[in-house]
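Next comes start.cif, a file with mmCIF, C-alpha atoms (C1' of nucleotides).
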data_my_file
#
loop_
_atom_site.label_atom_id
_atom_site.label_comp_id
_atom_site.auth_asym_id
_atom_site.auth_seq_id
_atom_site.Cartn_x
_atom_site.Cartn_y
_atom_site.Cartn_z
CA MET A 133 14.06 28.93 -12.82
CA SER A 134 13.81 30.93 -9.62
CA THR A 135 16.63 29.25 -7.77
CA LEU A 136 16.22 31.40 -4.72
CA TRP A 137 12.68 30.26 -4.37
CA ASN A 138 13.62 26.64 -4.93
CA ARG A 139 16.20 26.91 -2.19
CA SER A 140 13.75 28.18 0.37
CA ARG A 141 11.17 25.62 -0.68
CA GLN A 142 13.75 22.90 -0.29
CA ALA A 143 14.60 24.26 3.13
CA ALA A 144 10.95 24.28 4.09
CA ILE A 145 10.53 20.69 2.97
CA THR A 146 13.58 19.58 4.92
CA GLU A 147 12.27 21.41 7.95
CA VAL A 148 8.86 19.79 7.69
CA ILE A 149 10.37 16.32 7.28
CA GLY A 150 12.41 16.81 10.42
CA VAL A 151 9.42 17.95 12.45
CA ALA A 152 7.23 15.16 11.10
CA MET A 153 9.85 12.50 11.77
CA ASP A 154 10.12 13.61 15.36
CA LEU A 155 6.36 13.26 15.73
CA PHE A 156 6.30 9.87 14.01
CA LEU A 157 9.06 8.48 16.17
CA ASP A 158 7.46 9.92 19.29
CA LYS A 159 3.76 9.13 18.84
CA GLY A 160 3.94 6.49 16.14
CA PHE A 161 3.23 6.83 12.45
CA GLU A 162 -0.47 6.01 12.39
CA ALA A 163 -1.26 8.02 15.51
CA THR A 164 0.22 11.17 14.01
CA THR A 165 -2.26 13.14 11.91
CA PHE A 166 -1.72 15.70 9.21
CA ASP A 167 -3.12 18.29 11.59
CA ASP A 168 -0.46 17.41 14.15
CA ILE A 169 2.32 17.79 11.61
CA ALA A 170 0.95 21.00 10.15
CA ALA A 171 0.56 22.55 13.58
CA ALA A 172 4.06 21.50 14.65
CA ALA A 173 5.57 22.78 11.41
CA GLY A 174 3.65 26.06 11.60
CA ILE A 175 1.93 25.76 8.24
CA SER A 176 -1.62 25.02 7.25
CA ARG A 177 -2.86 21.51 6.65
CA ARG A 178 -3.66 22.50 3.10
CA SER A 179 -0.13 23.61 2.36
CA LEU A 180 1.28 20.47 3.93
CA PHE A 181 -0.74 18.48 1.44
CA ARG A 182 0.85 20.50 -1.34
CA TYR A 183 4.30 19.46 -0.19
CA PHE A 184 3.44 15.83 0.45
CA GLY A 185 0.41 14.10 -0.95
CA THR A 186 0.42 11.46 1.76
CA LYS A 187 1.98 10.83 5.13
CA GLU A 188 3.99 8.01 3.61
CA ASP A 189 5.58 10.47 1.20
CA ILE A 190 7.05 12.39 4.10
CA VAL A 191 8.90 9.33 5.33
CA LEU A 192 9.91 8.09 1.90
CA PHE A 193 10.92 11.43 0.48
CA HIS A 194 14.62 10.98 1.06
CA LEU A 195 14.65 7.63 -0.73
CA SER A 196 13.50 9.12 -3.99
CA GLY A 197 16.91 10.42 -5.02
CA GLU A 198 18.73 7.13 -4.60
CA GLY A 199 17.56 5.51 -7.82
CA PRO A 200 19.68 7.64 -10.17
CA GLN A 201 22.51 7.48 -7.66
CA ALA A 202 22.42 3.69 -7.84
CA ALA A 203 22.28 3.81 -11.64
CA ALA A 204 25.41 5.97 -11.71
CA ALA A 205 27.19 3.66 -9.29
CA LEU A 206 26.34 0.65 -11.43
CA ALA A 207 27.61 2.34 -14.58
CA ALA A 208 30.88 2.99 -12.75
CA ARG A 209 31.48 -0.68 -11.97
CA PRO A 210 33.99 -2.44 -14.25
CA ASP A 211 32.44 -4.06 -17.28
CA ASP A 212 33.94 -7.46 -16.60
CA GLU A 213 32.42 -7.70 -13.13
CA PRO A 214 29.60 -10.25 -13.02
CA LEU A 215 26.25 -8.47 -12.91
CA TRP A 216 25.15 -9.91 -9.59
CA THR A 217 28.42 -8.92 -7.97
CA ALA A 218 28.21 -5.46 -9.46
CA LEU A 219 24.69 -5.02 -8.09
CA LEU A 220 25.82 -6.13 -4.65
CA ASN A 221 28.64 -3.61 -4.74
CA VAL A 222 26.19 -0.88 -5.74
CA MET A 223 23.94 -1.74 -2.80
CA LEU A 224 26.92 -1.71 -0.46
CA LEU A 225 27.75 1.79 -1.64
CA ILE A 226 24.23 3.13 -1.43
CA GLU A 227 23.44 1.87 2.04
CA ASP A 228 26.33 3.88 3.39
CA HIS A 229 24.44 7.01 4.43
CA GLY A 230 25.59 8.53 7.66
CA GLY A 231 23.28 9.91 10.31
CA ASP A 232 22.48 8.94 13.86
CA PRO A 233 22.44 5.11 13.97
CA ALA A 234 19.87 4.92 16.77
CA ARG A 235 17.49 7.19 14.93
CA LEU A 236 18.05 5.25 11.72
CA LEU A 237 17.13 2.05 13.52
CA LYS A 238 13.95 3.56 14.92
CA ILE A 239 13.00 4.74 11.45
CA SER A 240 13.68 1.28 10.07
CA GLU A 241 11.55 -0.30 12.75
CA MET A 242 8.74 2.07 11.87
CA MET A 243 9.09 1.30 8.17
CA TYR A 244 9.05 -2.45 8.59
CA GLY A 245 6.39 -2.32 11.28
CA THR A 246 3.87 -0.13 9.48
CA PRO A 247 2.08 -1.98 6.67
CA SER A 248 1.22 1.09 4.63
CA LEU A 249 4.80 2.31 4.81
CA ARG A 250 6.20 -1.06 3.94
CA ALA A 251 3.91 -1.24 0.94
CA ARG A 252 4.87 2.21 -0.25
CA SER A 253 8.56 1.51 0.12
CA LEU A 254 8.15 -1.60 -2.00
CA GLU A 255 6.43 0.62 -4.51
CA LYS A 256 9.47 2.88 -4.48
CA HIS A 257 11.49 -0.04 -5.75
CA LEU A 258 9.66 0.28 -9.04
CA GLN A 259 11.32 3.64 -9.55
CA TRP A 260 14.74 2.18 -8.86
CA GLN A 261 13.90 -0.54 -11.31
CA ALA A 262 13.22 2.01 -14.04
CA ASP A 263 16.41 3.90 -13.20
CA LEU A 264 18.65 0.83 -13.31
CA LEU A 265 17.03 -0.83 -16.30
CA PRO A 266 19.17 0.58 -19.15
CA GLU A 267 22.52 -0.26 -17.60
CA VAL A 268 21.43 -3.74 -16.51
CA LYS A 269 20.06 -4.43 -19.97
CA ARG A 270 23.35 -3.37 -21.49
CA ARG A 271 25.26 -5.72 -19.20
CA LEU A 272 22.94 -8.64 -19.88
CA GLY A 273 23.69 -8.37 -23.59
CA THR A 274 21.59 -7.99 -26.69
CA THR A 275 19.69 -11.25 -26.25
CA SER A 276 17.89 -9.93 -23.20
CA GLY A 277 14.87 -7.66 -23.07
CA ASP A 278 13.19 -5.55 -20.42
CA LEU A 279 11.77 -8.57 -18.64
CA GLN A 280 15.13 -10.18 -18.00
CA ALA A 281 16.64 -6.94 -16.72
CA ALA A 282 13.60 -6.17 -14.58
CA ALA A 283 13.72 -9.65 -13.03
CA VAL A 284 17.36 -9.28 -12.03
CA ILE A 285 16.89 -5.78 -10.60
CA ALA A 286 13.77 -6.76 -8.73
CA SER A 287 15.61 -9.72 -7.25
CA ALA A 288 18.47 -7.53 -6.13
CA LEU A 289 16.06 -5.10 -4.49
CA ALA A 290 14.29 -8.01 -2.86
CA CYS A 291 17.59 -9.18 -1.39
CA MET A 292 18.28 -5.66 -0.18
CA ASP A 293 14.90 -5.52 1.47
CA ALA A 294 15.43 -8.88 3.14
CA ALA A 295 18.79 -7.71 4.44
CA GLY A 296 17.28 -4.49 5.69
CA GLU A 297 14.60 -6.34 7.57
CA ALA A 298 17.14 -8.70 9.10
CA TRP A 299 19.22 -5.72 10.14
CA THR A 300 16.20 -4.16 11.80
CA ARG A 301 15.22 -7.39 13.53
CA ALA A 302 18.77 -7.67 14.84
CA ALA A 303 18.40 -4.12 16.17
CA GLY A 304 21.34 -3.02 14.08
CA THR A 305 23.82 -5.21 15.94
CA VAL A 306 25.05 -6.81 12.69
CA PRO A 307 26.52 -4.59 9.97
CA LEU A 308 24.08 -4.19 7.12
CA GLY A 309 26.91 -4.79 4.66
CA HIS A 310 27.39 -8.32 6.00
CA LEU A 311 23.70 -9.09 5.71
CA LEU A 312 23.56 -7.72 2.18
CA THR A 313 26.47 -9.93 1.19
CA ASP A 314 24.86 -12.97 2.83
CA ALA A 315 21.58 -12.37 1.02
CA PHE A 316 23.19 -11.92 -2.39
CA ASP A 317 25.41 -14.98 -1.83
CA ALA A 318 22.44 -17.12 -0.83
CA MET A 319 20.61 -16.14 -3.98
CA ALA A 320 23.62 -16.92 -6.16
CA GLN A 321 24.04 -20.22 -4.36
CA ALA A 322 20.41 -21.19 -4.88
CA ALA A 323 20.60 -20.48 -8.60
CA ARG A 324 23.42 -22.87 -9.44
CA MET B 31 -17.62 -24.84 14.11
CA SER B 32 -20.93 -24.03 12.53
CA THR B 33 -20.11 -25.24 9.06
CA LEU B 34 -23.48 -24.37 7.65
CA TRP B 35 -22.97 -20.80 8.64
CA ASN B 36 -19.48 -20.71 7.24
CA ARG B 37 -20.77 -22.01 3.94
CA SER B 38 -23.33 -19.28 3.54
CA ARG B 39 -20.84 -16.65 4.65
CA GLN B 40 -18.39 -17.94 2.09
CA ALA B 41 -21.12 -17.79 -0.56
CA ALA B 42 -21.90 -14.21 0.42
CA ILE B 43 -18.25 -13.23 0.19
CA THR B 44 -17.90 -14.83 -3.22
CA GLU B 45 -21.03 -13.04 -4.37
CA VAL B 46 -19.77 -9.68 -3.14
CA ILE B 47 -16.40 -10.18 -4.81
CA GLY B 48 -18.11 -10.89 -8.12
CA VAL B 49 -20.29 -7.80 -7.89
CA ALA B 50 -17.39 -5.62 -6.81
CA MET B 51 -15.12 -6.90 -9.58
CA ASP B 52 -17.75 -6.07 -12.18
CA LEU B 53 -17.92 -2.53 -10.82
CA PHE B 54 -14.14 -2.17 -10.67
CA LEU B 55 -13.68 -3.36 -14.22
CA ASP B 56 -16.52 -1.17 -15.42
CA LYS B 57 -15.92 2.13 -13.60
CA GLY B 58 -12.32 1.66 -12.54
CA PHE B 59 -10.97 0.79 -9.11
CA GLU B 60 -10.52 4.25 -7.65
CA ALA B 61 -13.81 5.57 -8.98
CA THR B 62 -15.78 2.80 -7.30
CA THR B 63 -16.76 3.61 -3.73
CA PHE B 64 -17.72 1.35 -0.88
CA ASP B 65 -21.22 2.76 -1.15
CA ASP B 66 -21.42 1.67 -4.77
CA ILE B 67 -20.36 -1.86 -3.93
CA ALA B 68 -22.63 -2.13 -0.91
CA ALA B 69 -25.61 -0.90 -2.89
CA ALA B 70 -24.90 -3.26 -5.79
CA ALA B 71 -24.42 -6.20 -3.44
CA GLY B 72 -27.54 -5.34 -1.47
CA ILE B 73 -25.88 -5.06 1.91
CA SER B 74 -25.06 -2.10 4.12
CA ARG B 75 -21.77 -0.27 3.86
CA ARG B 76 -21.01 -1.25 7.45
CA SER B 77 -21.41 -4.94 6.75
CA LEU B 78 -19.25 -4.69 3.68
CA PHE B 79 -16.51 -3.31 5.87
CA ARG B 80 -16.90 -6.34 8.10
CA TYR B 81 -16.20 -8.63 5.18
CA PHE B 82 -13.35 -6.59 3.72
CA GLY B 83 -11.44 -4.01 5.64
CA THR B 84 -10.35 -2.20 2.47
CA LYS B 85 -11.22 -2.09 -1.21
CA GLU B 86 -7.87 -3.63 -1.98
CA ASP B 87 -8.79 -6.66 0.12
CA ILE B 88 -11.70 -7.39 -2.18
CA VAL B 89 -9.42 -7.66 -5.16
CA LEU B 90 -6.66 -9.52 -3.38
CA PHE B 91 -8.88 -11.90 -1.43
CA HIS B 92 -8.43 -14.79 -3.82
CA LEU B 93 -4.65 -14.55 -3.62
CA SER B 94 -4.55 -15.22 0.09
CA GLY B 95 -4.86 -18.98 -0.18
CA GLU B 96 -2.00 -19.47 -2.58
CA GLY B 97 0.83 -19.19 -0.07
CA PRO B 98 0.24 -22.56 1.64
CA GLN B 99 -0.54 -24.05 -1.75
CA ALA B 100 2.88 -22.96 -2.99
CA ALA B 101 4.51 -24.32 0.15
CA ALA B 102 2.93 -27.71 -0.43
CA ALA B 103 3.97 -27.70 -4.06
CA LEU B 104 7.56 -26.91 -3.09
CA ALA B 105 7.63 -29.70 -0.51
CA ALA B 106 6.49 -32.07 -3.25
CA ARG B 107 9.42 -31.25 -5.55
CA PRO B 108 12.24 -33.82 -5.55
CA ASP B 109 14.96 -33.15 -3.00
CA ASP B 110 17.76 -33.25 -5.55
CA GLU B 111 16.23 -30.51 -7.70
CA PRO B 112 18.19 -27.24 -7.45
CA LEU B 113 16.28 -24.78 -5.30
CA TRP B 114 15.91 -22.13 -7.99
CA THR B 115 14.56 -24.70 -10.45
CA ALA B 116 12.18 -26.04 -7.83
CA LEU B 117 10.87 -22.55 -7.14
CA LEU B 118 10.33 -21.94 -10.84
CA ASN B 119 8.38 -25.18 -11.12
CA VAL B 120 6.24 -24.18 -8.16
CA MET B 121 5.44 -20.85 -9.78
CA LEU B 122 4.57 -22.57 -13.04
CA LEU B 123 2.11 -24.77 -11.17
CA ILE B 124 0.54 -21.97 -9.17
CA GLU B 125 -0.02 -19.59 -12.07
CA ASP B 126 -2.20 -22.21 -13.73
CA HIS B 127 -5.60 -21.02 -12.53
CA GLY B 128 -8.34 -21.23 -15.13
CA GLY B 129 -11.00 -18.59 -15.62
CA ASP B 130 -11.84 -16.24 -18.45
CA PRO B 131 -8.51 -15.05 -19.95
CA ALA B 132 -9.88 -11.69 -21.09
CA ARG B 133 -11.24 -10.93 -17.63
CA LEU B 134 -8.01 -12.10 -16.05
CA LEU B 135 -6.09 -9.71 -18.27
CA LYS B 136 -8.33 -6.80 -17.34
CA ILE B 137 -7.86 -7.62 -13.68
CA SER B 138 -4.10 -7.77 -14.17
CA GLU B 139 -4.13 -4.43 -15.92
CA MET B 140 -6.06 -2.96 -13.03
CA MET B 141 -3.63 -4.45 -10.51
CA TYR B 142 -0.50 -3.21 -12.23
CA GLY B 143 -2.10 0.13 -13.10
CA THR B 144 -3.39 1.04 -9.64
CA PRO B 145 -0.61 2.04 -7.25
CA SER B 146 -2.45 1.14 -4.06
CA LEU B 147 -3.33 -2.28 -5.44
CA ARG B 148 0.17 -2.87 -6.66
CA ALA B 149 1.51 -1.97 -3.27
CA ARG B 150 -0.89 -4.23 -1.46
CA SER B 151 -0.12 -7.14 -3.74
CA LEU B 152 3.56 -6.68 -3.02
CA GLU B 153 2.63 -6.76 0.62
CA LYS B 154 0.89 -10.08 0.02
CA HIS B 155 4.25 -11.47 -0.99
CA LEU B 156 5.33 -11.19 2.62
CA GLN B 157 2.75 -13.81 3.54
CA TRP B 158 4.01 -16.15 0.83
CA GLN B 159 7.48 -15.56 2.17
CA ALA B 160 6.45 -16.71 5.62
CA ASP B 161 4.67 -19.75 4.17
CA LEU B 162 7.62 -20.87 2.06
CA LEU B 163 10.34 -20.11 4.59
CA PRO B 164 10.61 -23.48 6.41
CA GLU B 165 10.92 -25.60 3.29
CA VAL B 166 13.37 -23.24 1.62
CA LYS B 167 15.47 -23.16 4.76
CA ARG B 168 15.52 -26.93 4.83
CA ARG B 169 16.70 -27.07 1.23
CA LEU B 170 19.39 -24.45 1.76
CA GLY B 171 20.94 -26.60 4.47
CA THR B 172 21.86 -26.04 8.08
CA THR B 173 24.37 -23.28 7.39
CA SER B 174 21.64 -20.91 6.28
CA GLY B 175 19.33 -18.82 8.43
CA ASP B 176 16.11 -16.95 7.88
CA LEU B 177 17.82 -14.16 5.99
CA GLN B 178 19.21 -16.42 3.29
CA ALA B 179 15.90 -18.19 2.80
CA ALA B 180 13.96 -14.92 2.79
CA ALA B 181 16.31 -13.45 0.19
CA VAL B 182 15.83 -16.39 -2.16
CA ILE B 183 12.04 -16.44 -1.78
CA ALA B 184 11.76 -12.69 -2.19
CA SER B 185 13.85 -12.91 -5.35
CA ALA B 186 11.63 -15.63 -6.76
CA LEU B 187 8.52 -13.58 -6.02
CA ALA B 188 10.19 -10.57 -7.61
CA CYS B 189 10.80 -12.58 -10.76
CA MET B 190 7.19 -13.75 -10.71
CA ASP B 191 6.02 -10.18 -10.41
CA ALA B 192 8.25 -9.04 -13.26
CA ALA B 193 6.89 -11.85 -15.42
CA GLY B 194 3.32 -10.96 -14.51
CA GLU B 195 3.89 -7.36 -15.45
CA ALA B 196 5.47 -8.34 -18.75
CA TRP B 197 2.52 -10.64 -19.44
CA THR B 198 0.12 -7.78 -18.78
CA ARG B 199 2.08 -5.34 -20.92
CA ALA B 200 2.03 -7.89 -23.73
CA ALA B 201 -1.76 -8.06 -23.31
CA GLY B 202 -1.51 -11.77 -22.57
CA THR B 203 -0.22 -12.62 -26.04
CA VAL B 204 2.80 -14.48 -24.62
CA PRO B 205 2.22 -17.44 -22.28
CA LEU B 206 2.99 -16.48 -18.69
CA GLY B 207 4.91 -19.74 -18.29
CA HIS B 208 7.43 -18.65 -20.90
CA LEU B 209 7.92 -15.29 -19.25
CA LEU B 210 8.36 -16.89 -15.83
CA THR B 211 11.01 -19.21 -17.24
CA ASP B 212 12.77 -16.31 -18.94
CA ALA B 213 12.81 -14.27 -15.75
CA PHE B 214 14.16 -17.11 -13.61
CA ASP B 215 16.77 -17.98 -16.23
CA ALA B 216 17.94 -14.39 -16.47
CA MET B 217 18.38 -14.24 -12.71
CA ALA B 218 20.34 -17.50 -12.67
CA GLN B 219 22.47 -16.25 -15.55
CA ALA B 220 23.24 -12.96 -13.81
CA ALA B 221 24.36 -14.74 -10.66
CA ARG B 222 27.07 -16.88 -12.19
"C1'" DT C 244 -44.25 -24.01 20.36
"C1'" DG C 245 -41.94 -20.45 22.65
"C1'" DC C 246 -38.04 -18.50 25.03
"C1'" DC C 247 -33.01 -17.62 25.53
"C1'" DT C 248 -28.49 -16.69 23.90
"C1'" DG C 249 -24.98 -15.46 20.83
"C1'" DA C 250 -23.65 -13.72 16.54
"C1'" DT C 251 -24.75 -10.74 12.57
"C1'" DT C 252 -26.57 -6.82 10.71
"C1'" DG C 253 -27.73 -2.05 9.72
"C1'" DA C 254 -28.00 2.73 11.09
"C1'" DC C 255 -25.76 6.59 12.98
"C1'" DA C 256 -21.99 9.36 14.22
"C1'" DC C 257 -17.37 10.41 14.13
"C1'" DT C 258 -12.25 10.92 12.80
"C1'" DG C 259 -8.87 11.51 9.37
"C1'" DA C 260 -7.05 11.45 4.50
"C1'" DG C 261 -7.25 13.77 0.46
"C1'" DT C 262 -9.19 17.32 -3.05
"C1'" DG C 263 -11.42 21.47 -5.20
"C1'" DC C 264 -12.18 26.20 -4.87
"C1'" DC C 265 -11.45 30.90 -3.89
"C1'" DA C 266 -9.65 34.86 -1.74
"C1'" DC C 267 -5.35 36.72 0.10
"C1'" DT C 268 -0.38 37.60 -0.04
"C1'" DC C 269 4.15 37.84 -1.56
"C1'" DT C 270 7.75 38.57 -5.00
"C1'" DG C 271 9.85 39.81 -9.01
"C1'" DA C 272 9.25 42.43 -13.53
"C1'" DC C 273 8.22 46.50 -15.98
"C1'" DG D 193 3.63 51.82 -8.16
"C1'" DT D 194 1.28 48.46 -10.52
"C1'" DC D 195 0.74 43.98 -12.58
"C1'" DA D 196 1.13 38.98 -13.18
"C1'" DG D 197 2.18 34.62 -11.41
"C1'" DA D 198 2.97 31.47 -7.81
"C1'" DG D 199 2.23 30.03 -3.15
"C1'" DT D 200 -0.71 30.04 1.01
"C1'" DG D 201 -4.59 29.44 4.06
"C1'" DG D 202 -9.40 28.70 4.96
"C1'" DC D 203 -13.59 26.36 3.88
"C1'" DA D 204 -16.34 22.76 2.39
"C1'" DC D 205 -16.70 18.48 0.52
"C1'" DT D 206 -16.13 13.25 -0.57
"C1'" DC D 207 -14.74 8.97 0.88
"C1'" DA D 208 -12.24 5.38 3.76
"C1'" DG D 209 -12.47 3.37 7.96
"C1'" DT D 210 -14.06 2.62 13.02
"C1'" DG D 211 -16.95 2.55 17.37
"C1'" DT D 212 -21.42 2.04 19.21
"C1'" DC D 213 -25.90 0.39 19.84
"C1'" DA D 214 -30.34 -1.33 18.89
"C1'" DA D 215 -32.70 -4.67 15.97
"C1'" DT D 216 -32.71 -9.14 13.98
"C1'" DC D 217 -31.84 -13.87 12.97
"C1'" DA D 218 -30.55 -18.79 13.89
"C1'" DG D 219 -30.11 -22.52 16.70
"C1'" DG D 220 -30.48 -24.88 21.36
"C1'" DC D 221 -33.43 -26.15 24.88
"C1'" DA D 222 -37.48 -26.68 27.99
#

If you convert what's in this file into structure tokens, what do you get?
Amino acid sequence: MSTLWNRSRQAAITEVIGVAMDLFLDKGFEATTFDDIAAAAGISRRSLFRYFGTKEDIVLFHLSGEGPQAAAALAARPDDEPLWTALLNVMLLIEDHGGDPARLLKISEMMYGTPSLRARSLEKHLQWQADLLPEVKRRLGTTSGDLQAAAVIASALACMDAAGEAWTRAAGTVPLGHLLTDAFDAMAQAAR
Amino acid sequence: MSTLWNRSRQAAITEVIGVAMDLFLDKGFEATTFDDIAAAAGISRRSLFRYFGTKEDIVLFHLSGEGPQAAAALAARPDDEPLWTALLNVMLLIEDHGGDPARLLKISEMMYGTPSLRARSLEKHLQWQADLLPEVKRRLGTTSGDLQAAAVIASALACMDAAGEAWTRAAGTVPLGHLLTDAFDAMAQAAR
DNA sequence: TGCCTGATTGACACTGAGTGCCACTCTGAC
DNA sequence: GTCAGAGTGGCACTCAGTGTCAATCAGGCA
């Protein structure tokens, strides 16, 4: 209900994320306090906590919608495509979000360089895992259960993470798509 | 240096871990405070912080030594064994730590049921990754770099994690070795 | 034995995350 | 215009985590 309200709330959240990101990238993630963000965003600390339970949530907020998106992309892949290839193609699609490349790199560096953020982003993978599970299970066939599907998805996400880290370490000079492909190929190679 | 000292410090740490684990399993992880643990262990809160920087560290302490152990086990596998098979065999060896099964299950349930612990344990994987990297790189051959090796290791750890979660969900009624094998097989199957 | 030195410990104080509570305000419905 | 419901801000609180400093303990040495 109350779409008008939802719109303005969404706008407020987007606004806060922008302000907070600027602070994070400027002062560093750990050095930025909730008070700093609340003051910069012009809301009370208490309200900020109602939007985002933790500082990590502010950074990771935009990732939360990508799970279902990935699930849809996977369902759209042809049925005769090998699962590992299909997952690679899904990752190649998902990673393709625009935005300022330099800023994206700085955010990546912050993510991979801040232990608590890294940990929380790994935790986010669990949500992806749940989102992708049904379609992966279907493709694996009736002999496979949740475990098999979860193992494959978790491996794919692990490869994506490895590629992301390599991209960050290379300061974005190598296309992420190439690194993703390399990681998935290496895994396939190792398994034969 | 000072081996005598190190021995008694080690004993103290082991003692504290035991006390803390009892509290965690009794009251729950989140509900147990540093004050509780310090009081039960008979040391000051400040000293407890010197042993363990965070509550999560107390639980995860015993996992920290397994990275080098896994690296040694991998180096001991025959050179002509396929990498993925070798990694599975390493995991099968490592998981074989004795101890009370019921307690182990309760600890596992706590780990998989507490977000902050789950996140930190995923973070621990990064250390394993670093430990295993050289040997995996060697086995992948000269054409592969850090990314390829990291992707394969991260996938293996992801499979191990999926198996561990399945084991916990099954309340330990299925041998972890079986689940590990299933997970690794599923991944190999998906990649061909 | 008794002193010296270095490391550990415990007590205190402080910052910051995160939560509960309550009064205030805004908005839409009647 | 009033009422109900949801959001907001302020306050106080708990707990994690850190810096500081004085007290203490253990071992080396005269």

Extract, using all atoms listed in the file, all DNA, RNA and protein residues at most 12 Å from Ile73 in chain B, discarding same-chain residues fewer than 3 positions from it, and format them as a PDB file with C-alpha atoms (C1' of nucleotides), keeping the file's coordinate frame.
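Saved as result07.pdb:
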ATOM      1  CA  ALA B  42     -21.900 -14.210   0.420  1.00  0.00           C
ATOM      2  CA  ILE B  43     -18.250 -13.230   0.190  1.00  0.00           C
ATOM      3  CA  GLU B  45     -21.030 -13.040  -4.370  1.00  0.00           C
ATOM      4  CA  VAL B  46     -19.770  -9.680  -3.140  1.00  0.00           C
ATOM      5  CA  VAL B  49     -20.290  -7.800  -7.890  1.00  0.00           C
ATOM      6  CA  PHE B  64     -17.720   1.350  -0.880  1.00  0.00           C
ATOM      7  CA  ASP B  65     -21.220   2.760  -1.150  1.00  0.00           C
ATOM      8  CA  ASP B  66     -21.420   1.670  -4.770  1.00  0.00           C
ATOM      9  CA  ILE B  67     -20.360  -1.860  -3.930  1.00  0.00           C
ATOM     10  CA  ALA B  68     -22.630  -2.130  -0.910  1.00  0.00           C
ATOM     11  CA  ALA B  69     -25.610  -0.900  -2.890  1.00  0.00           C
ATOM     12  CA  ALA B  70     -24.900  -3.260  -5.790  1.00  0.00           C
ATOM     13  CA  ARG B  76     -21.010  -1.250   7.450  1.00  0.00           C
ATOM     14  CA  SER B  77     -21.410  -4.940   6.750  1.00  0.00           C
ATOM     15  CA  LEU B  78     -19.250  -4.690   3.680  1.00  0.00           C
ATOM     16  CA  PHE B  79     -16.510  -3.310   5.870  1.00  0.00           C
ATOM     17  CA  ARG B  80     -16.900  -6.340   8.100  1.00  0.00           C
ATOM     18  CA  TYR B  81     -16.200  -8.630   5.180  1.00  0.00           C
TER      19      TYR B  81
ATOM     20  C1'  DT C 252     -26.570  -6.820  10.710  1.00  0.00           C
ATOM     21  C1'  DG C 253     -27.730  -2.050   9.720  1.00  0.00           C
TER      22       DG C 253
END

Mind checking which residues fall within 10 Å of Ser151 in chain B, counting all atoms listed in the file, ignoring those fewer than 6 positions away in the same chain, and posting them as a PDB file with C-alpha atoms, keeping the file's coordinate frame?
ATOM      1  CA  ALA A 251       3.910  -1.240   0.940  1.00  0.00           C
TER       2      ALA A 251
ATOM      3  CA  GLU B  86      -7.870  -3.630  -1.980  1.00  0.00           C
ATOM      4  CA  ASP B  87      -8.790  -6.660   0.120  1.00  0.00           C
ATOM      5  CA  VAL B  89      -9.420  -7.660  -5.160  1.00  0.00           C
ATOM      6  CA  LEU B  90      -6.660  -9.520  -3.380  1.00  0.00           C
ATOM      7  CA  LEU B  93      -4.650 -14.550  -3.620  1.00  0.00           C
ATOM      8  CA  SER B  94      -4.550 -15.220   0.090  1.00  0.00           C
ATOM      9  CA  MET B 141      -3.630  -4.450 -10.510  1.00  0.00           C
ATOM     10  CA  TYR B 142      -0.500  -3.210 -12.230  1.00  0.00           C
ATOM     11  CA  PRO B 145      -0.610   2.040  -7.250  1.00  0.00           C
ATOM     12  CA  ASP B 191       6.020 -10.180 -10.410  1.00  0.00           C
TER      13      ASP B 191
END

Applied to the shown file, which residues does the PyMOL selection byres ((chain D) within 10 of (chain A)) return, written as a tab-separated table (two decimals) with C-alpha atoms (C1' of nucleotides), keeping the file's coordinate frame?
chain	number	residue	atom	x	y	z
D	199	DG	C1'	2.23	30.03	-3.15
D	200	DT	C1'	-0.71	30.04	1.01
D	201	DG	C1'	-4.59	29.44	4.06
D	202	DG	C1'	-9.40	28.70	4.96

Contact residues (chain A, partner chain C, 8 Å, all atoms listed in the file) as a list in words: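 Listed by rising number, the hits are Thr165, Gly185 and Thr186 of chain A.
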
Can you list every residue of chain B that has an atom at most 8 Å from chain A, with its nearest atom pair and the distance in Å to one decimal, using all atoms listed in the file, ordered by chain then number, as a tab-separated table?
residue	atom	partner	partner_atom	distance
B:Pro112	CA	A:Ala322	CA	6.9
B:Leu113	CA	A:Ala322	CA	5.5
B:Trp114	CA	A:Ala323	CA	5.0
B:Thr115	CA	A:Ala323	CA	7.6
B:Pro145	CA	A:Glu255	CA	7.7
B:Arg148	CA	A:Glu255	CA	7.5
B:Ala149	CA	A:Ala251	CA	4.9
B:Arg150	CA	A:Ala251	CA	6.1
B:Leu152	CA	A:Ala251	CA	6.7
B:Glu153	CA	A:Ala251	CA	5.7
B:Leu170	CA	A:Ala322	CA	7.5
B:Leu177	CA	A:Ala298	CA	6.3
B:Gln178	CA	A:Ala315	CA	5.2
B:Ala179	CA	A:Ala318	CA	7.6
B:Ala180	CA	A:Ala294	CA	6.2
B:Ala181	CA	A:Cys291	CA	4.7
B:Val182	CA	A:Met319	CA	5.1
B:Ala184	CA	A:Ala290	CA	5.4
B:Ser185	CA	A:Ser287	CA	4.1
B:Ala186	CA	A:Ser287	CA	7.1
B:Ala188	CA	A:Ala286	CA	5.3
B:Cys189	CA	A:Ala283	CA	4.7
B:Ala192	CA	A:Ala283	CA	5.5
B:Ala193	CA	A:Leu279	CA	6.7
B:Ala196	CA	A:Leu279	CA	6.3
B:Leu209	CA	A:Leu279	CA	7.8
B:Asp212	CA	A:Gln280	CA	6.6
B:Ala213	CA	A:Gln280	CA	5.2
B:Phe214	CA	A:Ala283	CA	7.5
B:Ala216	CA	A:Gln280	CA	5.3
B:Met217	CA	A:Val284	CA	5.1
B:Ala218	CA	A:Ala323	CA	5.1
B:Ala220	CA	A:Leu215	CA	5.5
B:Ala221	CA	A:Trp216	CA	5.0
B:Arg222	CA	A:Ala320	CA	6.9
